[in-house]
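S.K.: Dropping in start.cif, which is mmCIF, N, CA and C atoms and all ligand atoms:
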data_structure
loop_
_atom_site.group_PDB
_atom_site.id
_atom_site.type_symbol
_atom_site.label_atom_id
_atom_site.label_comp_id
_atom_site.auth_asym_id
_atom_site.auth_seq_id
_atom_site.Cartn_x
_atom_site.Cartn_y
_atom_site.Cartn_z
ATOM 1 N N MET L 1 0.843 -1.194 0.000
ATOM 2 C CA MET L 1 0.000 0.000 0.000
ATOM 3 C C MET L 1 0.881 1.249 0.000
ATOM 4 N N ARG L 2 0.454 2.246 -0.720
ATOM 5 C CA ARG L 2 1.201 3.491 -0.783
ATOM 6 C C ARG L 2 1.210 4.171 0.588
ATOM 7 N N LYS L 3 2.367 4.699 0.966
ATOM 8 C CA LYS L 3 2.426 5.435 2.225
ATOM 9 C C LYS L 3 2.260 6.918 1.929
ATOM 10 N N LEU L 4 1.460 7.565 2.739
ATOM 11 C CA LEU L 4 1.160 8.980 2.531
ATOM 12 C C LEU L 4 2.423 9.835 2.555
ATOM 13 N N SER L 5 3.391 9.421 3.364
ATOM 14 C CA SER L 5 4.589 10.239 3.553
ATOM 15 C C SER L 5 5.646 10.009 2.475
ATOM 16 N N GLU L 6 5.401 9.083 1.535
ATOM 17 C CA GLU L 6 6.405 8.761 0.526
ATOM 18 C C GLU L 6 6.358 9.715 -0.664
ATOM 19 N N GLY L 7 7.521 10.080 -1.155
ATOM 20 C CA GLY L 7 7.635 10.830 -2.393
ATOM 21 C C GLY L 7 7.135 12.264 -2.316
ATOM 22 N N LEU L 8 7.137 12.854 -1.124
ATOM 23 C CA LEU L 8 6.665 14.229 -0.985
ATOM 24 C C LEU L 8 7.832 15.209 -1.126
ATOM 25 N N ASP L 9 7.551 16.371 -1.715
ATOM 26 C CA ASP L 9 8.576 17.411 -1.740
ATOM 27 C C ASP L 9 8.531 18.159 -0.395
ATOM 28 N N PRO L 10 9.496 19.040 -0.126
ATOM 29 C CA PRO L 10 9.553 19.688 1.200
ATOM 30 C C PRO L 10 8.271 20.450 1.567
ATOM 31 N N ASP L 11 7.664 21.140 0.588
ATOM 32 C CA ASP L 11 6.412 21.855 0.865
ATOM 33 C C ASP L 11 5.302 20.884 1.246
ATOM 34 N N GLN L 12 5.247 19.768 0.535
ATOM 35 C CA GLN L 12 4.213 18.770 0.821
ATOM 36 C C GLN L 12 4.443 18.115 2.172
ATOM 37 N N THR L 13 5.720 17.908 2.521
ATOM 38 C CA THR L 13 6.038 17.341 3.830
ATOM 39 C C THR L 13 5.595 18.296 4.937
ATOM 40 N N ALA L 14 5.850 19.593 4.748
ATOM 41 C CA ALA L 14 5.409 20.588 5.730
ATOM 42 C C ALA L 14 3.890 20.574 5.850
ATOM 43 N N ALA L 15 3.194 20.447 4.705
ATOM 44 C CA ALA L 15 1.733 20.390 4.714
ATOM 45 C C ALA L 15 1.247 19.150 5.462
ATOM 46 N N LEU L 16 1.938 18.033 5.266
ATOM 47 C CA LEU L 16 1.567 16.794 5.952
ATOM 48 C C LEU L 16 1.687 16.965 7.465
ATOM 49 N N GLU L 17 2.779 17.603 7.909
ATOM 50 C CA GLU L 17 2.966 17.794 9.351
ATOM 51 C C GLU L 17 1.893 18.725 9.923
ATOM 52 N N GLU L 18 1.542 19.777 9.167
ATOM 53 C CA GLU L 18 0.464 20.667 9.616
ATOM 54 C C GLU L 18 -0.857 19.922 9.698
ATOM 55 N N ALA L 19 -1.131 19.105 8.690
ATOM 56 C CA ALA L 19 -2.373 18.341 8.655
ATOM 57 C C ALA L 19 -2.431 17.357 9.820
ATOM 58 N N ALA L 20 -1.292 16.707 10.090
ATOM 59 C CA ALA L 20 -1.231 15.753 11.197
ATOM 60 C C ALA L 20 -1.516 16.455 12.521
ATOM 61 N N TYR L 21 -0.957 17.644 12.664
ATOM 62 C CA TYR L 21 -1.157 18.410 13.898
ATOM 63 C C TYR L 21 -2.641 18.770 14.068
ATOM 64 N N LEU L 22 -3.305 19.109 12.966
ATOM 65 C CA LEU L 22 -4.735 19.410 13.026
ATOM 66 C C LEU L 22 -5.532 18.193 13.493
ATOM 67 N N VAL L 23 -5.173 17.012 12.977
ATOM 68 C CA VAL L 23 -5.867 15.784 13.369
ATOM 69 C C VAL L 23 -5.662 15.517 14.863
ATOM 70 N N ILE L 24 -4.405 15.691 15.327
ATOM 71 C CA ILE L 24 -4.100 15.452 16.737
ATOM 72 C C ILE L 24 -4.907 16.401 17.624
ATOM 73 N N LYS L 25 -4.919 17.700 17.252
ATOM 74 C CA LYS L 25 -5.672 18.698 18.033
ATOM 75 C C LYS L 25 -7.156 18.345 18.052
ATOM 76 N N ALA L 26 -7.695 17.926 16.903
ATOM 77 C CA ALA L 26 -9.107 17.571 16.818
ATOM 78 C C ALA L 26 -9.423 16.380 17.728
ATOM 79 N N ARG L 27 -8.520 15.403 17.762
ATOM 80 C CA ARG L 27 -8.723 14.229 18.623
ATOM 81 C C ARG L 27 -8.717 14.641 20.096
ATOM 82 N N GLU L 28 -7.775 15.547 20.454
ATOM 83 C CA GLU L 28 -7.702 16.017 21.844
ATOM 84 C C GLU L 28 -8.996 16.722 22.234
ATOM 85 N N GLN L 29 -9.472 17.592 21.323
ATOM 86 C CA GLN L 29 -10.710 18.329 21.611
ATOM 87 C C GLN L 29 -11.892 17.383 21.710
ATOM 88 N N ALA L 30 -11.919 16.367 20.869
ATOM 89 C CA ALA L 30 -13.004 15.388 20.903
ATOM 90 C C ALA L 30 -13.001 14.649 22.242
ATOM 91 N N ALA L 31 -11.807 14.251 22.714
ATOM 92 C CA ALA L 31 -11.701 13.553 23.990
ATOM 93 C C ALA L 31 -12.125 14.468 25.134
ATOM 94 N N GLU L 32 -11.703 15.753 25.075
ATOM 95 C CA GLU L 32 -12.077 16.714 26.123
ATOM 96 C C GLU L 32 -13.590 16.901 26.173
ATOM 97 N N ARG L 33 -14.196 16.959 24.995
ATOM 98 C CA ARG L 33 -15.662 17.130 24.931
ATOM 99 C C ARG L 33 -16.367 15.976 25.642
ATOM 100 N N LEU L 34 -15.888 14.759 25.398
ATOM 101 C CA LEU L 34 -16.492 13.590 26.031
ATOM 102 C C LEU L 34 -16.224 13.574 27.529
ATOM 103 N N GLU L 35 -15.002 13.966 27.923
ATOM 104 C CA GLU L 35 -14.661 13.988 29.345
ATOM 105 C C GLU L 35 -15.524 14.995 30.088
ATOM 106 N N ARG L 36 -15.801 16.141 29.431
ATOM 107 C CA ARG L 36 -16.688 17.138 30.056
ATOM 108 C C ARG L 36 -18.073 16.568 30.286
ATOM 109 N N ALA L 37 -18.475 15.637 29.426
ATOM 110 C CA ALA L 37 -19.791 15.018 29.560
ATOM 111 C C ALA L 37 -19.755 13.822 30.509
ATOM 112 N N GLY L 38 -18.587 13.591 31.134
ATOM 113 C CA GLY L 38 -18.469 12.524 32.106
ATOM 114 C C GLY L 38 -18.173 11.165 31.504
ATOM 115 N N VAL L 39 -17.785 11.124 30.230
ATOM 116 C CA VAL L 39 -17.463 9.852 29.588
ATOM 117 C C VAL L 39 -15.984 9.537 29.816
ATOM 118 N N ASN L 40 -15.686 8.350 30.311
ATOM 119 C CA ASN L 40 -14.306 7.924 30.491
ATOM 120 C C ASN L 40 -13.758 7.471 29.139
ATOM 121 N N VAL L 41 -12.799 8.213 28.598
ATOM 122 C CA VAL L 41 -12.279 7.919 27.252
ATOM 123 C C VAL L 41 -10.979 7.121 27.305
ATOM 124 N N ASP L 42 -10.647 6.612 28.494
ATOM 125 C CA ASP L 42 -9.393 5.897 28.688
ATOM 126 C C ASP L 42 -9.514 4.462 28.163
ATOM 127 N N LEU L 43 -9.388 4.305 26.855
ATOM 128 C CA LEU L 43 -9.514 3.002 26.216
ATOM 129 C C LEU L 43 -8.173 2.565 25.648
ATOM 130 N N ASP L 44 -8.011 1.258 25.457
ATOM 131 C CA ASP L 44 -6.796 0.742 24.833
ATOM 132 C C ASP L 44 -7.174 -0.313 23.792
ATOM 133 N N PRO L 45 -7.014 -0.087 22.511
ATOM 134 C CA PRO L 45 -6.477 1.142 21.930
ATOM 135 C C PRO L 45 -7.518 2.252 21.954
ATOM 136 N N SER L 46 -7.033 3.471 22.089
ATOM 137 C CA SER L 46 -7.929 4.604 22.155
ATOM 138 C C SER L 46 -8.099 5.259 20.786
ATOM 139 N N PRO L 47 -9.329 5.607 20.421
ATOM 140 C CA PRO L 47 -9.531 6.327 19.159
ATOM 141 C C PRO L 47 -9.025 7.764 19.241
ATOM 142 N N PHE L 48 -8.634 8.202 20.442
ATOM 143 C CA PHE L 48 -8.246 9.604 20.625
ATOM 144 C C PHE L 48 -6.757 9.785 20.902
ATOM 145 N N ALA L 49 -6.041 8.707 21.128
ATOM 146 C CA ALA L 49 -4.702 8.829 21.703
ATOM 147 C C ALA L 49 -3.632 9.284 20.714
ATOM 148 N N ALA L 50 -3.706 8.914 19.461
ATOM 149 C CA ALA L 50 -2.677 9.283 18.484
ATOM 150 C C ALA L 50 -1.305 8.802 18.920
ATOM 151 N N ARG L 51 -1.175 7.501 19.130
ATOM 152 C CA ARG L 51 0.087 6.881 19.559
ATOM 153 C C ARG L 51 1.132 6.977 18.437
ATOM 154 N N CYS L 52 2.392 7.145 18.807
ATOM 155 C CA CYS L 52 3.464 7.290 17.815
ATOM 156 C C CYS L 52 3.820 5.934 17.204
ATOM 157 N N SER L 53 3.819 5.866 15.882
ATOM 158 C CA SER L 53 4.096 4.599 15.196
ATOM 159 C C SER L 53 5.449 4.617 14.505
ATOM 160 N N HIS L 54 6.335 5.525 14.915
ATOM 161 C CA HIS L 54 7.666 5.595 14.316
ATOM 162 C C HIS L 54 8.416 4.291 14.598
ATOM 163 N N ARG L 55 8.979 3.692 13.535
ATOM 164 C CA ARG L 55 9.704 2.443 13.694
ATOM 165 C C ARG L 55 11.090 2.726 14.260
ATOM 166 N N LEU L 56 11.439 2.059 15.360
ATOM 167 C CA LEU L 56 12.737 2.276 15.998
ATOM 168 C C LEU L 56 13.778 1.375 15.359
ATOM 169 N N PRO L 57 15.052 1.799 15.369
ATOM 170 C CA PRO L 57 16.106 0.941 14.819
ATOM 171 C C PRO L 57 16.215 -0.348 15.626
ATOM 172 N N ALA L 58 16.486 -1.457 14.944
ATOM 173 C CA ALA L 58 16.681 -2.743 15.619
ATOM 174 C C ALA L 58 17.997 -2.714 16.391
ATOM 175 N N PRO L 59 18.255 -3.625 17.338
ATOM 176 C CA PRO L 59 17.325 -4.641 17.820
ATOM 177 C C PRO L 59 16.411 -4.112 18.920
ATOM 178 N N PRO L 60 15.331 -4.765 19.234
ATOM 179 C CA PRO L 60 14.734 -5.850 18.455
ATOM 180 C C PRO L 60 14.030 -5.285 17.227
ATOM 181 N N PRO L 61 13.821 -6.106 16.201
ATOM 182 C CA PRO L 61 13.185 -5.599 14.984
ATOM 183 C C PRO L 61 11.717 -5.279 15.201
ATOM 184 N N ASN L 62 11.195 -4.421 14.352
ATOM 185 C CA ASN L 62 9.764 -4.093 14.358
ATOM 186 C C ASN L 62 9.271 -3.594 15.702
ATOM 187 N N ARG L 63 10.075 -2.737 16.307
ATOM 188 C CA ARG L 63 9.630 -2.114 17.549
ATOM 189 C C ARG L 63 9.253 -0.679 17.221
ATOM 190 N N PHE L 64 8.139 -0.231 17.782
ATOM 191 C CA PHE L 64 7.650 1.100 17.464
ATOM 192 C C PHE L 64 7.752 1.995 18.686
ATOM 193 N N CYS L 65 7.830 3.294 18.411
ATOM 194 C CA CYS L 65 8.043 4.245 19.495
ATOM 195 C C CYS L 65 6.988 4.087 20.587
ATOM 196 N N GLY L 66 5.710 4.185 20.208
ATOM 197 C CA GLY L 66 4.651 3.947 21.183
ATOM 198 C C GLY L 66 4.363 5.117 22.110
ATOM 199 N N CYS L 67 4.983 6.263 21.860
ATOM 200 C CA CYS L 67 4.685 7.461 22.648
ATOM 201 C C CYS L 67 3.164 7.651 22.696
ATOM 202 N N PRO L 68 2.592 7.728 23.905
ATOM 203 C CA PRO L 68 1.129 7.673 24.013
ATOM 204 C C PRO L 68 0.393 8.919 23.527
ATOM 205 N N ARG L 69 1.054 10.064 23.543
ATOM 206 C CA ARG L 69 0.347 11.251 23.038
ATOM 207 C C ARG L 69 1.329 12.303 22.565
ATOM 208 N N TYR L 70 0.951 12.973 21.478
ATOM 209 C CA TYR L 70 1.796 14.011 20.914
ATOM 210 C C TYR L 70 1.802 15.231 21.819
ATOM 211 N N LYS L 71 2.990 15.775 22.044
ATOM 212 C CA LYS L 71 3.110 17.017 22.797
ATOM 213 C C LYS L 71 4.018 17.942 21.996
ATOM 214 N N GLY L 72 3.583 19.140 21.745
ATOM 215 C CA GLY L 72 4.381 20.068 20.972
ATOM 216 C C GLY L 72 3.484 21.056 20.265
ATOM 217 N N ASP L 73 4.090 21.794 19.336
ATOM 218 C CA ASP L 73 3.320 22.833 18.653
ATOM 219 C C ASP L 73 3.354 22.640 17.147
ATOM 220 N N GLY L 74 3.431 21.390 16.710
ATOM 221 C CA GLY L 74 3.437 21.096 15.289
ATOM 222 C C GLY L 74 4.773 20.567 14.796
ATOM 223 N N GLY L 75 5.823 20.787 15.567
ATOM 224 C CA GLY L 75 7.148 20.261 15.206
ATOM 225 C C GLY L 75 7.345 18.876 15.790
ATOM 226 N N LEU L 76 8.598 18.559 16.099
ATOM 227 C CA LEU L 76 8.866 17.245 16.684
ATOM 228 C C LEU L 76 8.209 17.139 18.055
ATOM 229 N N CYS L 77 7.742 15.939 18.360
ATOM 230 C CA CYS L 77 7.063 15.695 19.633
ATOM 231 C C CYS L 77 8.062 15.831 20.780
ATOM 232 N N VAL L 78 7.706 16.592 21.811
ATOM 233 C CA VAL L 78 8.608 16.812 22.947
ATOM 234 C C VAL L 78 8.202 15.991 24.165
ATOM 235 N N ASN L 79 7.250 15.086 23.956
ATOM 236 C CA ASN L 79 6.778 14.271 25.075
ATOM 237 C C ASN L 79 7.866 13.306 25.553
ATOM 238 N N ARG L 80 7.916 13.075 26.867
ATOM 239 C CA ARG L 80 8.754 12.029 27.458
ATOM 240 C C ARG L 80 7.811 11.054 28.141
ATOM 241 N N PHE L 81 8.106 9.770 28.033
ATOM 242 C CA PHE L 81 7.191 8.784 28.595
ATOM 243 C C PHE L 81 7.961 7.565 29.071
ATOM 244 N N ILE L 82 7.309 6.801 29.934
ATOM 245 C CA ILE L 82 7.905 5.552 30.410
ATOM 246 C C ILE L 82 7.694 4.497 29.326
ATOM 247 N N ASP L 83 8.790 3.940 28.825
ATOM 248 C CA ASP L 83 8.720 2.973 27.732
ATOM 249 C C ASP L 83 8.672 1.556 28.307
ATOM 250 N N PHE L 84 7.435 1.054 28.473
ATOM 251 C CA PHE L 84 7.268 -0.274 29.077
ATOM 252 C C PHE L 84 7.631 -1.399 28.094
ATOM 253 N N ASP L 85 7.729 -1.057 26.799
ATOM 254 C CA ASP L 85 8.020 -2.084 25.797
ATOM 255 C C ASP L 85 9.513 -2.176 25.486
ATOM 256 N N ALA L 86 10.307 -1.355 26.133
ATOM 257 C CA ALA L 86 11.748 -1.343 25.837
ATOM 258 C C ALA L 86 12.380 -2.653 26.298
ATOM 259 N N PRO L 87 13.448 -3.091 25.609
ATOM 260 C CA PRO L 87 14.153 -4.284 26.076
ATOM 261 C C PRO L 87 14.652 -4.049 27.493
ATOM 262 N N ASP L 88 14.485 -5.043 28.348
ATOM 263 C CA ASP L 88 14.824 -4.875 29.755
ATOM 264 C C ASP L 88 16.259 -5.325 30.009
ATOM 265 N N PHE L 89 17.114 -4.368 30.367
ATOM 266 C CA PHE L 89 18.505 -4.700 30.668
ATOM 267 C C PHE L 89 18.718 -4.781 32.171
ATOM 268 N N GLY L 90 17.629 -4.959 32.897
ATOM 269 C CA GLY L 90 17.732 -5.124 34.330
ATOM 270 C C GLY L 90 17.360 -3.879 35.104
ATOM 271 N N GLY L 91 17.295 -2.758 34.417
ATOM 272 C CA GLY L 91 17.010 -1.512 35.115
ATOM 273 C C GLY L 91 15.523 -1.194 35.212
ATOM 274 N N GLY L 92 14.703 -2.041 34.624
ATOM 275 C CA GLY L 92 13.278 -1.765 34.634
ATOM 276 C C GLY L 92 12.933 -0.744 33.559
ATOM 277 N N PRO L 93 11.651 -0.423 33.440
ATOM 278 C CA PRO L 93 11.218 0.524 32.413
ATOM 279 C C PRO L 93 11.845 1.893 32.622
ATOM 280 N N SER L 94 12.262 2.528 31.545
ATOM 281 C CA SER L 94 12.907 3.827 31.686
ATOM 282 C C SER L 94 12.170 4.888 30.873
ATOM 283 N N GLU L 95 12.411 6.138 31.254
ATOM 284 C CA GLU L 95 11.776 7.250 30.559
ATOM 285 C C GLU L 95 12.544 7.556 29.279
ATOM 286 N N ARG L 96 11.806 7.902 28.230
ATOM 287 C CA ARG L 96 12.439 8.117 26.932
ATOM 288 C C ARG L 96 11.693 9.249 26.224
ATOM 289 N N PRO L 97 12.441 10.105 25.509
ATOM 290 C CA PRO L 97 11.763 11.123 24.714
ATOM 291 C C PRO L 97 11.275 10.529 23.404
ATOM 292 N N CYS L 98 10.193 11.075 22.859
ATOM 293 C CA CYS L 98 9.678 10.601 21.567
ATOM 294 C C CYS L 98 10.482 11.228 20.437
ATOM 295 N N HIS L 99 10.368 12.545 20.297
ATOM 296 C CA HIS L 99 11.146 13.284 19.314
ATOM 297 C C HIS L 99 10.876 12.862 17.874
ATOM 298 N N HIS L 100 9.646 12.485 17.585
ATOM 299 C CA HIS L 100 9.254 12.146 16.218
ATOM 300 C C HIS L 100 8.233 13.164 15.720
ATOM 301 N N PRO L 101 8.108 13.287 14.377
ATOM 302 C CA PRO L 101 7.195 14.298 13.832
ATOM 303 C C PRO L 101 5.724 13.988 14.150
ATOM 304 N N ALA L 102 4.891 15.034 14.063
ATOM 305 C CA ALA L 102 3.466 14.884 14.345
ATOM 306 C C ALA L 102 2.847 13.792 13.479
ATOM 307 N N SER L 103 3.318 13.674 12.239
ATOM 308 C CA SER L 103 2.731 12.685 11.331
ATOM 309 C C SER L 103 2.907 11.258 11.850
ATOM 310 N N SER L 104 3.985 10.982 12.633
ATOM 311 C CA SER L 104 4.182 9.647 13.195
ATOM 312 C C SER L 104 3.069 9.276 14.158
ATOM 313 N N HIS L 105 2.384 10.307 14.663
ATOM 314 C CA HIS L 105 1.334 10.073 15.643
ATOM 315 C C HIS L 105 -0.024 9.818 15.002
ATOM 316 N N ILE L 106 -0.115 9.943 13.688
ATOM 317 C CA ILE L 106 -1.416 9.660 13.056
ATOM 318 C C ILE L 106 -1.311 8.640 11.924
ATOM 319 N N LEU L 107 -0.098 8.375 11.427
ATOM 320 C CA LEU L 107 0.044 7.451 10.309
ATOM 321 C C LEU L 107 0.480 6.077 10.799
ATOM 322 N N ALA L 108 0.044 5.035 10.098
ATOM 323 C CA ALA L 108 0.513 3.687 10.396
ATOM 324 C C ALA L 108 1.982 3.603 9.996
ATOM 325 N N PRO L 109 2.757 2.714 10.649
ATOM 326 C CA PRO L 109 4.178 2.617 10.340
ATOM 327 C C PRO L 109 4.430 2.160 8.893
HETATM 328 ZN ZN ZN L 201 5.377 11.548 20.697
HETATM 329 ZN ZN ZN L 202 7.675 8.754 18.792
#
Can you give me the file's structure in the form of structure tokens?
M.R.:
Amino acid sequence: MRKLSEGLDPDQTAALEEAAYLVIKAREQAAERLERAGVNVDLDPSPFAARCSHRLPAPPPNRFCGCPRYKGDGGLCVNRFIDFDAPDFGGGPSERPCHHPASSHILAP
């Protein structure tokens, strides 16, 4: 299947990031609207969460960032989160920055 992010020129890439940010903001507002109405939106997987699907370098293969929510102003995500899926070297789960573009939070890997 064609990937939306493939073969874009720099202007189109900028447009994609802006569009992704709009989707993320809309999802946040949608979740807030439901929360105001007393609806618990804490689902897994959540239709509102916009989890980061950026593929991380191996090892292990096919591991994705998994940052639970985009934080930032349209640029790279500045969120830090506890990475429970990280390989365990004995230190237990550790905090990790996402630092991936907004589009990683709305597109499949
Ligand atoms: Zn993120
Ligand atoms: Zn990420």
S.K.: I need the residue nearest ligand ZN 201 (chain L) from this list: L:Asp42, L:Gly92, L:Cys52, L:Pro59. Use only N, CA and C atoms and all ligand atoms for the distance.
M.R.: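 Nearest to ligand ZN 201 (chain L): L:Cys52.
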S.K.: Could you list, as a PyMOL selection string, every residue within 12 Å of L:Ala14, counting only C-alpha atoms and ignoring same-chain residues fewer than 4 positions away?
M.R.: chain L and resi 5+8-10+18-21+74-76+101-103
S.K.: Please expand the PyMOL selection byres (((not hetatm) and name CA) within 8 of (chain L and resi 201)) into the concrete residues it hits in this file, giving the result as a ChimeraX atom specification.
M.R.: /L:51-52,65-71,76-80,97-102,104-105
S.K.: Record the distance separating atom CA of L:Phe84 and atom ZN of ligand ZN 202 (chain L), expressed in Å with one decimal.
M.R.: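 These atoms are spaced 13.7 Å apart.
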S.K.: List every residue of chain L that DSSP, applied to the backbone of this structure, places in strand (DSSP E or B), and write the result as a ChimeraX atom specification.
M.R.: /L:55-56,63-64,80-83,94-97
S.K.: Between atom CA of L:Gly72 and atom CA of L:Asp11, measure the distance and give it in Å to one decimal.
M.R.: 20.3 Å
S.K.: Pick out the closest residue to ligand ZN 202 (chain L) from this set: L:Asp88, L:Arg33, L:Ser53, L:Gly7. Count only N, CA and C atoms and all ligand atoms.
M.R.: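 Closest residue, counting only N, CA and C atoms and all ligand atoms: L:Ser53.
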S.K.: DSSP on the backbone, alpha helix (DSSP H) only: what residues of chain L does that give? Format it as a list in words.
M.R.: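 Taking chain L and keeping alpha helix (DSSP H) only, one gets Pro10, Asp11, Gln12, Thr13, Ala14, Ala15, Leu16, Glu17, Glu18, Ala19, Ala20, Tyr21, Leu22, Val23, Ile24, Lys25, Ala26, Arg27, Glu28, Gln29, Ala30, Ala31, Glu32, Arg33, Leu34, Glu35 and Arg36 of chain L.
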S.K.: Could the residues in this selection be written to a file with N, CA and C atoms, as an mmCIF file, in the frame of the given file?
M.R.:
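Contents of out-v5.cif, as written:
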data_model
loop_
_atom_site.group_PDB
_atom_site.id
_atom_site.type_symbol
_atom_site.label_atom_id
_atom_site.label_comp_id
_atom_site.auth_asym_id
_atom_site.auth_seq_id
_atom_site.Cartn_x
_atom_site.Cartn_y
_atom_site.Cartn_z
ATOM 1 N N PRO L 10 9.496 19.040 -0.126
ATOM 2 C CA PRO L 10 9.553 19.688 1.200
ATOM 3 C C PRO L 10 8.271 20.450 1.567
ATOM 4 N N ASP L 11 7.664 21.140 0.588
ATOM 5 C CA ASP L 11 6.412 21.855 0.865
ATOM 6 C C ASP L 11 5.302 20.884 1.246
ATOM 7 N N GLN L 12 5.247 19.768 0.535
ATOM 8 C CA GLN L 12 4.213 18.770 0.821
ATOM 9 C C GLN L 12 4.443 18.115 2.172
ATOM 10 N N THR L 13 5.720 17.908 2.521
ATOM 11 C CA THR L 13 6.038 17.341 3.830
ATOM 12 C C THR L 13 5.595 18.296 4.937
ATOM 13 N N ALA L 14 5.850 19.593 4.748
ATOM 14 C CA ALA L 14 5.409 20.588 5.730
ATOM 15 C C ALA L 14 3.890 20.574 5.850
ATOM 16 N N ALA L 15 3.194 20.447 4.705
ATOM 17 C CA ALA L 15 1.733 20.390 4.714
ATOM 18 C C ALA L 15 1.247 19.150 5.462
ATOM 19 N N LEU L 16 1.938 18.033 5.266
ATOM 20 C CA LEU L 16 1.567 16.794 5.952
ATOM 21 C C LEU L 16 1.687 16.965 7.465
ATOM 22 N N GLU L 17 2.779 17.603 7.909
ATOM 23 C CA GLU L 17 2.966 17.794 9.351
ATOM 24 C C GLU L 17 1.893 18.725 9.923
ATOM 25 N N GLU L 18 1.542 19.777 9.167
ATOM 26 C CA GLU L 18 0.464 20.667 9.616
ATOM 27 C C GLU L 18 -0.857 19.922 9.698
ATOM 28 N N ALA L 19 -1.131 19.105 8.690
ATOM 29 C CA ALA L 19 -2.373 18.341 8.655
ATOM 30 C C ALA L 19 -2.431 17.357 9.820
ATOM 31 N N ALA L 20 -1.292 16.707 10.090
ATOM 32 C CA ALA L 20 -1.231 15.753 11.197
ATOM 33 C C ALA L 20 -1.516 16.455 12.521
ATOM 34 N N TYR L 21 -0.957 17.644 12.664
ATOM 35 C CA TYR L 21 -1.157 18.410 13.898
ATOM 36 C C TYR L 21 -2.641 18.770 14.068
ATOM 37 N N LEU L 22 -3.305 19.109 12.966
ATOM 38 C CA LEU L 22 -4.735 19.410 13.026
ATOM 39 C C LEU L 22 -5.532 18.193 13.493
ATOM 40 N N VAL L 23 -5.173 17.012 12.977
ATOM 41 C CA VAL L 23 -5.867 15.784 13.369
ATOM 42 C C VAL L 23 -5.662 15.517 14.863
ATOM 43 N N ILE L 24 -4.405 15.691 15.327
ATOM 44 C CA ILE L 24 -4.100 15.452 16.737
ATOM 45 C C ILE L 24 -4.907 16.401 17.624
ATOM 46 N N LYS L 25 -4.919 17.700 17.252
ATOM 47 C CA LYS L 25 -5.672 18.698 18.033
ATOM 48 C C LYS L 25 -7.156 18.345 18.052
ATOM 49 N N ALA L 26 -7.695 17.926 16.903
ATOM 50 C CA ALA L 26 -9.107 17.571 16.818
ATOM 51 C C ALA L 26 -9.423 16.380 17.728
ATOM 52 N N ARG L 27 -8.520 15.403 17.762
ATOM 53 C CA ARG L 27 -8.723 14.229 18.623
ATOM 54 C C ARG L 27 -8.717 14.641 20.096
ATOM 55 N N GLU L 28 -7.775 15.547 20.454
ATOM 56 C CA GLU L 28 -7.702 16.017 21.844
ATOM 57 C C GLU L 28 -8.996 16.722 22.234
ATOM 58 N N GLN L 29 -9.472 17.592 21.323
ATOM 59 C CA GLN L 29 -10.710 18.329 21.611
ATOM 60 C C GLN L 29 -11.892 17.383 21.710
ATOM 61 N N ALA L 30 -11.919 16.367 20.869
ATOM 62 C CA ALA L 30 -13.004 15.388 20.903
ATOM 63 C C ALA L 30 -13.001 14.649 22.242
ATOM 64 N N ALA L 31 -11.807 14.251 22.714
ATOM 65 C CA ALA L 31 -11.701 13.553 23.990
ATOM 66 C C ALA L 31 -12.125 14.468 25.134
ATOM 67 N N GLU L 32 -11.703 15.753 25.075
ATOM 68 C CA GLU L 32 -12.077 16.714 26.123
ATOM 69 C C GLU L 32 -13.590 16.901 26.173
ATOM 70 N N ARG L 33 -14.196 16.959 24.995
ATOM 71 C CA ARG L 33 -15.662 17.130 24.931
ATOM 72 C C ARG L 33 -16.367 15.976 25.642
ATOM 73 N N LEU L 34 -15.888 14.759 25.398
ATOM 74 C CA LEU L 34 -16.492 13.590 26.031
ATOM 75 C C LEU L 34 -16.224 13.574 27.529
ATOM 76 N N GLU L 35 -15.002 13.966 27.923
ATOM 77 C CA GLU L 35 -14.661 13.988 29.345
ATOM 78 C C GLU L 35 -15.524 14.995 30.088
ATOM 79 N N ARG L 36 -15.801 16.141 29.431
ATOM 80 C CA ARG L 36 -16.688 17.138 30.056
ATOM 81 C C ARG L 36 -18.073 16.568 30.286
#
S.K.: Check the smallest atom-to-atom distance from each of L:Phe64, L:Glu17, L:Glu35, L:Leu22 to ligand ZN 202 (chain L) using all atoms listed in the file, then report the winner.
M.R.: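 Ranked by minimum distance to ligand ZN 202 (chain L), first place goes to L:Phe64.
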S.K.: Could you state the separation of atom N of L:Ala86 and atom CA of L:Leu43 in Å, given to one decimal place?
M.R.: 20.3 Å
S.K.: Rank nothing, just name the residue among L:Asn62, L:His54, L:Ile24, L:Val41 nearest to ligand ZN 202 (chain L), using only N, CA and C atoms and all ligand atoms.
M.R.: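 Ranked by minimum distance to ligand ZN 202 (chain L), first place goes to L:His54.
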S.K.: Taking only C-alpha atoms and all ligand atoms into account, which of L:Gly38, L:Ala50, L:Gly90, L:Pro61 comes nearest ligand ZN 202 (chain L)?
M.R.: L:Ala50
